[in-house]
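> Just one file: work.txt, with compact mmCIF, C-alpha atoms.
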# COMPACT_ATOMS: atom_id res chain seq x y z
CA MET A 1 84.90 98.23 71.86
CA LYS A 2 87.59 95.57 71.67
CA PHE A 3 89.42 97.39 74.44
CA LEU A 4 86.36 97.46 76.69
CA ALA A 5 85.72 93.76 76.09
CA ALA A 6 89.32 92.93 76.97
CA LEU A 7 89.13 95.11 80.06
CA ALA A 8 85.92 93.42 81.17
CA LEU A 9 87.53 90.00 80.65
CA GLY A 10 90.55 91.12 82.66
CA PHE A 11 88.43 92.03 85.64
CA LEU A 12 85.99 89.14 85.39
CA PRO A 13 87.74 86.99 88.00
CA LEU A 14 87.40 89.79 90.58
CA ALA A 15 83.65 89.88 90.11
CA ALA A 16 83.03 86.11 90.14
CA SER A 17 81.33 84.58 93.17
CA ALA A 18 83.11 82.78 95.98
CA ALA A 19 83.38 79.00 95.83
CA LEU A 20 84.09 77.51 99.26
CA ARG A 21 81.23 78.05 101.67
CA LEU A 22 80.91 77.12 105.32
CA ASP A 23 77.84 75.30 106.62
CA GLY A 24 76.47 78.10 108.80
CA ASP A 25 77.84 81.57 109.50
CA HIS A 26 80.64 80.52 111.84
CA VAL A 27 82.15 77.64 113.76
CA GLU A 28 81.18 77.57 117.40
CA VAL A 29 83.60 76.26 120.02
CA LYS A 30 82.57 75.75 123.63
CA PRO A 31 85.41 74.49 125.81
CA LYS A 32 84.85 73.31 129.36
CA PRO A 33 86.62 75.23 132.14
CA GLU A 34 89.17 72.45 132.59
CA ASP A 35 89.99 72.13 128.88
CA GLU A 36 93.51 73.11 127.88
CA VAL A 37 92.99 72.23 124.22
CA VAL A 38 89.72 71.73 122.37
CA THR A 39 89.21 70.39 118.86
CA VAL A 40 86.20 70.99 116.65
CA THR A 41 85.24 69.90 113.14
CA PHE A 42 83.42 72.02 110.58
CA SER A 43 81.82 71.30 107.23
CA PHE A 44 81.88 73.27 104.01
CA LYS A 45 81.21 72.85 100.29
CA ASN A 46 82.67 73.98 97.00
CA ASP A 47 79.70 75.86 95.54
CA GLY A 48 81.62 77.01 92.48
CA ASP A 49 81.86 75.45 89.04
CA LYS A 50 85.55 74.56 89.04
CA PRO A 51 87.94 72.73 91.37
CA VAL A 52 89.54 74.73 94.17
CA ARG A 53 93.03 73.94 95.37
CA ILE A 54 94.06 74.84 98.93
CA LEU A 55 97.38 76.64 98.96
CA HIS A 56 97.80 77.69 102.57
CA LEU A 57 96.03 77.95 105.92
CA GLU A 58 96.85 80.71 108.37
CA SER A 59 95.38 81.76 111.69
CA ALA A 60 95.23 85.30 113.01
CA CYS A 61 95.83 83.83 116.48
CA SER A 62 98.56 81.39 117.43
CA CYS A 63 95.95 79.83 119.73
CA LEU A 64 94.04 78.44 116.74
CA SER A 65 95.19 76.02 114.05
CA ALA A 66 93.28 74.07 111.42
CA THR A 67 93.60 71.39 108.76
CA LEU A 68 91.31 70.43 105.86
CA ASP A 69 90.62 66.87 104.73
CA SER A 70 91.68 67.33 101.10
CA PRO A 71 94.13 69.47 99.11
CA THR A 72 91.54 70.02 96.33
CA TYR A 73 87.75 70.30 96.27
CA ALA A 74 85.83 69.52 93.10
CA PRO A 75 82.66 71.48 92.22
CA GLY A 76 79.90 70.37 94.58
CA GLN A 77 82.30 68.44 96.81
CA LYS A 78 81.80 68.64 100.56
CA GLY A 79 84.76 69.01 102.87
CA THR A 80 85.58 68.77 106.54
CA GLY A 81 88.00 70.88 108.53
CA LYS A 82 89.46 70.20 111.91
CA ALA A 83 90.44 73.07 114.18
CA GLU A 84 92.38 73.00 117.42
CA PHE A 85 92.10 75.80 119.95
CA LYS A 86 94.52 76.24 122.84
CA VAL A 87 92.39 77.73 125.61
CA GLY A 88 95.23 79.13 127.74
CA SER A 89 94.23 82.28 129.62
CA PHE A 90 91.28 83.16 127.38
CA THR A 91 87.88 83.64 128.95
CA GLY A 92 84.51 84.86 127.72
CA ARG A 93 83.54 85.27 124.07
CA GLN A 94 86.43 85.30 121.62
CA GLU A 95 86.22 85.77 117.87
CA LYS A 96 89.06 84.26 115.82
CA THR A 97 89.53 83.48 112.15
CA ILE A 98 91.38 81.07 109.89
CA GLN A 99 92.42 82.37 106.47
CA VAL A 100 92.42 79.76 103.73
CA THR A 101 94.38 80.75 100.63
CA THR A 102 93.17 79.09 97.44
CA ASP A 103 94.14 79.05 93.76
CA ASP A 104 90.74 80.49 92.82
CA PRO A 105 91.21 84.11 91.68
CA ALA A 106 87.59 84.79 92.69
CA GLN A 107 88.27 83.64 96.25
CA GLU A 108 91.97 83.92 96.91
CA GLU A 109 91.25 84.12 100.62
CA TRP A 110 88.44 82.27 102.31
CA ILE A 111 87.89 83.41 105.90
CA VAL A 112 86.52 80.86 108.35
CA PRO A 113 85.19 82.63 111.46
CA PHE A 114 85.23 80.93 114.85
CA ILE A 115 83.33 82.04 117.92
CA LEU A 116 84.68 80.67 121.16
CA ASP A 117 82.74 80.82 124.37
CA ILE A 118 85.02 80.06 127.29
CA PRO A 119 83.36 79.89 130.68
CA GLU A 120 84.67 82.22 133.37
CA VAL A 121 85.12 80.29 136.59
CA ILE A 122 86.42 83.14 138.74
CA GLU A 123 85.36 86.76 138.46
CA ILE A 124 87.45 89.48 140.08
CA ASP A 125 85.77 92.85 140.14
CA PRO A 126 87.29 95.33 139.67
CA LYS A 127 90.39 93.83 138.08
CA MET A 128 92.35 96.82 139.33
CA VAL A 129 91.81 98.98 142.40
CA GLN A 130 93.24 102.49 142.13
CA TRP A 131 93.99 105.39 144.39
CA TRP A 132 95.05 108.76 143.07
CA LEU A 133 98.35 110.06 144.29
CA ASN A 134 97.87 111.82 147.70
CA GLU A 135 94.23 110.76 147.92
CA PRO A 136 93.18 109.78 151.49
CA PRO A 137 94.31 106.14 151.93
CA LEU A 138 90.84 104.79 152.60
CA PRO A 139 89.95 101.08 152.22
CA LYS A 140 88.55 99.83 148.90
CA THR A 141 87.10 96.43 148.10
CA VAL A 142 87.33 93.75 145.44
CA THR A 143 84.63 91.12 144.99
CA VAL A 144 85.71 87.62 144.02
CA LYS A 145 82.94 85.40 142.67
CA MET A 146 83.31 81.72 141.87
CA THR A 147 80.96 81.39 138.91
CA GLY A 148 81.73 77.83 137.76
CA THR A 149 79.53 74.81 138.40
CA GLU A 150 81.77 73.67 141.24
CA PRO A 151 82.31 75.94 144.28
CA MET A 152 85.87 77.09 144.96
CA LYS A 153 87.32 78.40 148.20
CA LEU A 154 89.61 81.37 148.45
CA THR A 155 92.28 79.88 150.70
CA ASN A 156 95.04 82.48 150.94
CA ILE A 157 96.13 85.92 149.78
CA THR A 158 99.58 87.47 149.64
CA SER A 159 100.57 90.93 148.45
CA THR A 160 103.51 91.80 146.23
CA ARG A 161 103.81 95.07 148.22
CA ASP A 162 104.31 95.36 151.98
CA SER A 163 102.75 98.79 151.85
CA MET A 164 99.33 97.43 150.90
CA GLY A 165 97.25 96.06 153.74
CA PHE A 166 94.52 93.55 152.95
CA ALA A 167 91.93 91.26 154.53
CA PHE A 168 89.27 89.00 153.09
CA LYS A 169 86.01 87.53 154.25
CA GLU A 170 83.69 84.86 152.95
CA VAL A 171 80.28 86.17 151.91
CA LYS A 172 78.88 82.91 150.43
CA PRO A 173 80.97 79.79 151.13
CA GLY A 174 82.80 78.67 148.01
CA ARG A 175 81.02 81.31 145.93
CA GLU A 176 81.70 84.89 146.99
CA TYR A 177 84.47 86.69 148.84
CA VAL A 178 85.19 90.33 149.57
CA VAL A 179 88.78 91.51 149.76
CA THR A 180 89.50 94.85 151.42
CA LEU A 181 92.67 96.72 150.50
CA THR A 182 94.08 99.62 152.50
CA PRO A 183 97.28 101.39 151.44
CA LYS A 184 99.58 102.58 154.21
CA SER A 185 100.12 105.75 152.23
CA THR A 186 99.25 107.22 148.85
CA ALA A 187 102.24 109.57 148.80
CA ASP A 188 104.14 107.54 146.18
CA ILE A 189 103.21 106.05 142.84
CA LEU A 190 103.13 102.27 142.92
CA ILE A 191 101.63 99.27 141.22
CA GLY A 192 101.32 95.78 142.62
CA ALA A 193 99.04 92.81 142.96
CA LEU A 194 97.40 90.49 145.40
CA LYS A 195 98.07 86.84 144.69
CA LEU A 196 94.86 84.93 145.34
CA GLU A 197 95.04 81.20 146.02
CA THR A 198 92.05 78.89 145.62
CA ASP A 199 91.36 75.21 146.18
CA SER A 200 90.31 74.76 142.51
CA LYS A 201 91.02 71.34 141.04
CA ILE A 202 91.90 73.08 137.77
CA PRO A 203 95.55 74.20 137.99
CA LYS A 204 95.10 77.43 136.04
CA TYR A 205 92.50 78.67 138.53
CA GLN A 206 94.56 77.88 141.62
CA ARG A 207 96.37 81.23 141.44
CA GLN A 208 94.93 84.53 140.28
CA LEU A 209 96.00 88.17 140.45
CA ALA A 210 94.04 91.21 141.58
CA PHE A 211 95.94 94.40 140.69
CA PHE A 212 96.18 97.62 142.65
CA GLY A 213 97.83 100.94 141.97
CA ILE A 214 98.50 104.40 143.27
CA VAL A 215 98.60 106.51 140.16
CA ARG A 216 98.87 110.11 139.11
CA GLN A 217 95.47 111.60 138.44
CA PRO A 218 95.08 112.65 134.79
CA GLU A 219 94.53 116.39 134.32
CA SER A 220 91.10 115.76 132.81
CA ARG A 221 90.03 113.75 135.87
CA LYS A 222 91.38 116.40 138.26
CA ALA A 223 88.92 118.89 136.82
CA GLU A 224 86.04 116.43 137.22
CA THR A 225 87.02 115.62 140.82
CA ALA A 226 87.29 119.31 141.61
CA GLU A 227 83.69 119.63 140.53
CA GLY A 228 82.77 116.95 143.04
CA GLU A 229 82.15 114.31 140.44
CA LYS A 230 84.07 111.12 139.76
CA LYS A 231 86.59 109.38 141.99
CA PRO A 232 88.76 106.43 140.97
CA SER A 233 87.23 102.96 140.91
CA SER A 234 86.92 101.03 144.15
CA MET B 235 102.08 91.67 66.85
CA ILE B 236 104.17 94.05 68.95
CA ARG B 237 101.17 96.32 69.30
CA SER B 238 99.06 93.45 70.66
CA ALA B 239 101.79 92.45 73.08
CA LEU B 240 102.09 96.01 74.36
CA PHE B 241 98.34 96.22 74.70
CA LEU B 242 98.25 93.00 76.76
CA LEU B 243 101.15 94.25 78.88
CA ALA B 244 99.34 97.52 79.55
CA LEU B 245 96.15 95.64 80.41
CA THR B 246 98.02 93.41 82.85
CA PHE B 247 99.58 96.47 84.46
CA VAL B 248 96.17 98.14 84.90
CA ALA B 249 94.71 94.93 86.38
CA ALA B 250 97.66 94.61 88.79
CA MET B 251 97.30 98.25 89.90
CA ALA B 252 93.57 97.77 90.45
CA THR B 253 94.11 94.57 92.43
CA HIS B 254 96.68 96.30 94.62
CA ALA B 255 94.37 99.24 95.20
CA TRP B 256 91.39 97.09 96.13
CA HIS B 257 92.95 94.08 97.82
CA PRO B 258 92.52 94.35 101.60
CA LYS B 259 95.88 92.73 102.27
CA ALA B 260 97.96 94.41 99.61
CA PRO B 261 101.41 95.18 101.00
CA ALA B 262 102.56 98.76 101.38
CA TRP B 263 104.47 100.05 98.33
CA TYR B 264 107.43 100.91 100.51
CA LEU B 265 107.08 98.76 103.58
CA ALA B 266 110.34 100.04 105.05
CA SER B 267 109.06 103.60 105.16
CA GLU B 268 105.60 102.73 106.45
CA PRO B 269 104.78 105.46 109.00
CA LEU B 270 104.85 104.64 112.70
CA LYS B 271 101.53 104.36 114.50
CA ASP B 272 101.02 106.43 117.65
CA ASP B 273 101.80 103.49 119.92
CA GLU B 274 104.89 102.35 118.02
CA VAL B 275 108.62 102.93 118.28
CA ASP B 276 111.33 101.64 116.00
CA MET B 277 114.85 100.47 116.81
CA LYS B 278 116.34 103.87 115.97
CA MET B 279 113.98 105.68 118.35
CA ILE B 280 114.73 103.19 121.12
CA GLN B 281 118.41 104.08 120.83
CA GLU B 282 117.89 107.82 120.45
CA ARG B 283 115.28 108.28 123.18
CA TRP B 284 116.38 105.75 125.76
CA GLN B 285 119.86 104.58 124.65
CA GLY B 286 118.41 101.08 124.36
CA GLU B 287 117.54 100.99 128.07
CA VAL B 288 114.07 99.50 127.92
CA LEU B 289 112.24 96.53 129.38
CA TRP B 290 111.51 94.15 126.52
CA ILE B 291 108.37 92.02 126.52
CA ASP B 292 108.10 89.15 124.07
CA ALA B 293 104.45 88.52 123.17
CA ARG B 294 105.17 85.59 120.86
CA LEU B 295 104.53 81.90 121.49
CA ARG B 296 106.78 80.18 124.01
CA GLU B 297 108.35 77.99 121.32
CA HIS B 298 109.44 81.09 119.38
CA PHE B 299 110.76 82.72 122.55
CA ASP B 300 112.69 79.55 123.40
CA LYS B 301 114.37 79.55 119.99
CA ALA B 302 115.61 83.15 120.29
CA HIS B 303 114.61 86.38 121.96
CA VAL B 304 115.87 89.83 122.87
CA PRO B 305 118.32 89.45 125.78
CA GLY B 306 116.54 90.03 129.07
CA ALA B 307 113.07 90.01 127.50
CA LEU B 308 110.16 88.72 129.57
CA LEU B 309 107.89 86.21 127.89
CA LEU B 310 104.32 87.46 128.24
CA ASN B 311 101.92 86.14 125.64
CA ASP B 312 98.16 85.96 125.40
CA GLN B 313 98.04 82.17 125.66
CA GLU B 314 99.77 81.93 129.06
CA ARG B 315 99.09 85.48 130.21
CA ASP B 316 97.77 84.82 133.71
CA ALA B 317 100.45 82.31 134.67
CA LEU B 318 103.24 84.45 133.19
CA LEU B 319 102.00 87.58 134.93
CA ILE B 320 102.19 85.79 138.26
CA GLU B 321 105.77 84.84 137.35
CA HIS B 322 106.79 88.37 136.29
CA ILE B 323 104.67 90.60 138.51
CA GLU B 324 107.54 91.64 140.79
CA LYS B 325 109.75 92.63 137.84
CA LEU B 326 106.91 94.51 136.18
CA GLN B 327 105.81 96.38 139.28
CA ASP B 328 109.36 97.56 140.06
CA ASN B 329 110.21 98.48 136.49
CA ALA B 330 111.05 102.14 135.87
CA LYS B 331 112.19 101.77 132.24
CA PRO B 332 110.02 102.25 129.16
CA VAL B 333 108.41 98.96 128.12
CA VAL B 334 108.67 97.80 124.50
CA ILE B 335 106.61 94.82 123.33
CA TYR B 336 107.26 92.83 120.20
CA CYS B 337 105.56 89.97 118.39
CA ASP B 338 106.16 88.13 115.14
CA GLY B 339 106.16 90.99 112.65
CA HIS B 340 104.19 93.73 110.91
CA ALA B 341 100.92 91.79 110.73
CA CYS B 342 100.73 90.39 114.25
CA GLN B 343 98.52 92.10 116.81
CA ALA B 344 99.72 90.29 119.93
CA SER B 345 102.01 93.10 121.13
CA ARG B 346 99.32 95.74 120.66
CA LYS B 347 96.82 93.58 122.56
CA MET B 348 99.27 93.01 125.40
CA ARG B 349 100.02 96.74 125.57
CA ALA B 350 96.32 97.51 125.98
CA TYR B 351 96.02 94.85 128.68
CA LEU B 352 99.00 96.12 130.69
CA MET B 353 97.83 99.72 130.47
CA GLU B 354 94.24 98.94 131.44
CA THR B 355 94.72 96.24 134.02
CA MET B 356 97.99 97.28 135.62
CA ALA B 357 97.87 101.03 134.94
CA MET B 358 101.30 100.72 133.32
CA GLN B 359 102.48 103.75 131.39
CA ASN B 360 105.20 104.36 128.84
CA VAL B 361 104.42 101.10 127.04
CA TRP B 362 105.22 100.82 123.32
CA VAL B 363 104.95 98.42 120.42
CA LEU B 364 108.08 97.65 118.38
CA HIS B 365 107.45 98.59 114.73
CA GLY B 366 108.14 95.52 112.62
CA GLY B 367 108.27 93.20 115.62
CA TRP B 368 110.90 90.51 116.12
CA PRO B 369 112.27 90.69 112.52
CA ALA B 370 113.03 94.40 113.06
CA TRP B 371 115.06 93.62 116.18
CA GLU B 372 116.81 90.70 114.45
CA LYS B 373 117.71 92.92 111.53
CA ALA B 374 119.10 95.61 113.79
CA GLN B 375 121.09 93.53 116.26
CA GLY B 376 121.47 89.77 115.95
CA THR B 377 120.09 87.07 118.19
CA ILE B 378 120.94 85.05 121.26
CA ARG B 379 120.44 81.31 121.19
Spell out the structure here as structure tokens.

Amino acid sequence: MKFLAALALGFLPLAASAALRLDGDHVEVKPKPEDEVVTVTFSFKNDGDKPVRILHLESACSCLSATLDSPTYAPGQKGTGKAEFKVGSFTGRQEKTIQVTTDDPAQEEWIVPFILDIPEVIEIDPKMVQWWLNEPPLPKTVTVKMTGTEPMKLTNITSTRDSMGFAFKEVKPGREYVVTLTPKSTADILIGALKLETDSKIPKYQRQLAFFGIVRQPESRKAETAEGEKKPSS
Amino acid sequence: MIRSALFLLALTFVAAMATHAWHPKAPAWYLASEPLKDDEVDMKMIQERWQGEVLWIDARLREHFDKAHVPGALLLNDQERDALLIEHIEKLQDNAKPVVIYCDGHACQASRKMRAYLMETMAMQNVWVLHGGWPAWEKAQGTIR
């Protein structure tokens, strides 16, 4: 009996409830397209019945860092955190976390989830155009859409490979362009890219890449193609 | 007295074992012999398979790369990916060597993420993640400054 009681006491901290709680399920961050760095504050509370000391903060992504406004939080005390997100090349919805290490055995790690929604200003579809090795070198197209609030013109294109011909035309001024790629030959494996230049005022959108490749067809795809089914993306 | 002490010691041991078994971030018992994942290579394999002749990609932050990196490594991280790809595209497209990507260590996912991106977006093949990341290379070779 004594043994069981001691064992239960030994494991009690593992079963106790968490103390630090975020206001809401996650922290939402919505940078503007031109933002390089965005900061956001978040609120939380010590819901437990004893003080919690913050030992360490760590982010799963080097793009995200955070600080808290106090080293210790008393029971019932509210706190504020400040997070900084380096936008860089990220686009779309990104989920990141900050791990807060505390001295509370019941909550050694408190995970603060962040959801980042970074607007995509330029959409290149598909991101890579492929031909199978020895496939007929027929033209394939890439659509470039300027999806931001401000229109953006595609001003110039260069290829990293002389063996890839290309041309582009404006479909909707400042909004949509179609780029046609035609390989001179598909006899050799190759990868390369088109460098797209725009008149965007935001430096990171002034140059973009659209990839192309002549690749060996996987055995599994060969069987499908033989049956008259799928071809590589265009 | 001794009996009580031994009992407490045993109890502590049981609690520690249980914590290790249940804790999501418990370290491996023998980290050095942690098995390689399918997409990983270690320093020994790089020597044995390719005599060290690989294209290194450093997926860490620029400030870490600037402090020290594998000689000849290309900086290609998630934060500056688009700009760095434009810078390195010619080297990458002409590369015929196996590509090995490293980041900060066992826990980081940056090299695995970059591998997936290069394989999907550029149809690159023969791309690997260095087991143990930068510390594994440092341990095996030394650094440049």
> Contacts of Leu209 of chain A at 6 Å or less, counting all atoms listed in the file, minus same-chain residues fewer than 6 places along, as a list in words?
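Neighbouring residues, sequence-local ones excluded: Leu194, Lys195 and Leu196 of chain A.
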> Any idea what the distance is between atom CA of Ala19 of chain A and atom CA of Gly81 of chain A?
15.8 Å
> Could you check which of B:Leu270, B:Met348, B:Leu240, B:Ala357 is closest to chain A, using all atoms listed in the file?
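Result for the nearest residue to chain A: B:Ala357.
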> Should the cut-off be 6 Å, what would the residue list for chain B against chain A look like, counting all atoms listed in the file, as a PyMOL selection string?
chain B and resi 313-316+327+355
> Atom CA of Ala344 of chain B and atom CA of Leu309 of chain B are how many Å apart?
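Atom-to-atom, atom CA of Ala344 of chain B to atom CA of Leu309 of chain B, that is 12.1 Å.
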> Could you tell me how far atom CA of Leu364 of chain B sits from atom CA of Lys301 of chain B, in Å to one decimal place?
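Separation between atom CA of Lys301 of chain B and atom CA of Leu364 of chain B: 19.2 Å.
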> Applying 8 Å and only C-alpha atoms, which residues near segment 170-185 of chain A remain after dropping the ones on its own chain fewer than 4 positions away? List them as a VMD selection string.
chain A and resid 134 137 to 147 151 to 154 163 to 166
> Write out as a PDB file with C-alpha atoms, in the coordinates of the input the residues lying within 8 Å of Ala307 of chain B, counting all atoms listed in the file and excluding same-chain residues fewer than 6 positions away.

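So around-v4.pdb came out as:
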ATOM      1  CA  LEU B 289     112.240  96.530 129.380  1.00  0.00           C
ATOM      2  CA  TRP B 290     111.510  94.150 126.520  1.00  0.00           C
ATOM      3  CA  ILE B 291     108.370  92.020 126.520  1.00  0.00           C
ATOM      4  CA  ASP B 292     108.100  89.150 124.070  1.00  0.00           C
TER       5      ASP B 292
END
> Kindly provide, as AutoDock Vina command-line options, the centre and edge lengths (Å, one decimal) of an axis-aligned box around all atoms of segment 292-299 of chain B given in the file, with 8 Å on each side.

--center_x 107.6 --center_y 83.6 --center_z 121.7 --size_x 22.3 --size_y 27.2 --size_z 20.7
> As a tab-separated table (two decimals) with C-alpha atoms, in the frame of the given file, please: the residues near segment 283-288 of chain B (cut-off 9 Å, all atoms listed in the file, same-chain neighbours under 5 positions excluded).

chain	number	residue	atom	x	y	z
B	277	MET	CA	114.85	100.47	116.81
B	278	LYS	CA	116.34	103.87	115.97
B	330	ALA	CA	111.05	102.14	135.87
B	331	LYS	CA	112.19	101.77	132.24
B	332	PRO	CA	110.02	102.25	129.16
B	333	VAL	CA	108.41	98.96	128.12
B	334	VAL	CA	108.67	97.80	124.50
> Taking all atoms listed in the file into account, which of A:Asp125, A:Gln77, A:Gln94, A:Ile54 comes nearest Glu108 of chain A?
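Selected residue with least distance to Glu108 of chain A: A:Ile54.
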> Name the residues in contact with Thr101 of chain A at a cut-off of 9 Å, using only C-alpha atoms, excluding same-chain residues fewer than 5 positions from it; report them as JSON, numbers by chain.
{"A": [53, 54, 55, 56, 57, 58, 107, 108, 109, 110, 111]}
> Nearest to Ile202 of chain A among A:Gly79, A:Ala106, A:Ile122, A:Ala167, with distances taken over only C-alpha atoms: which residue is it?
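For Ile202 of chain A, the nearest of the candidates is A:Ile122.
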> In terms of the shortest atom-to-atom distance over only C-alpha atoms, which of A:Thr102, A:Asp117, A:Thr91, A:Val52 is closest to Val27 of chain A?
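Ranking A:Thr102, A:Asp117, A:Thr91, A:Val52 by distance to Val27 of chain A, first place goes to A:Asp117.
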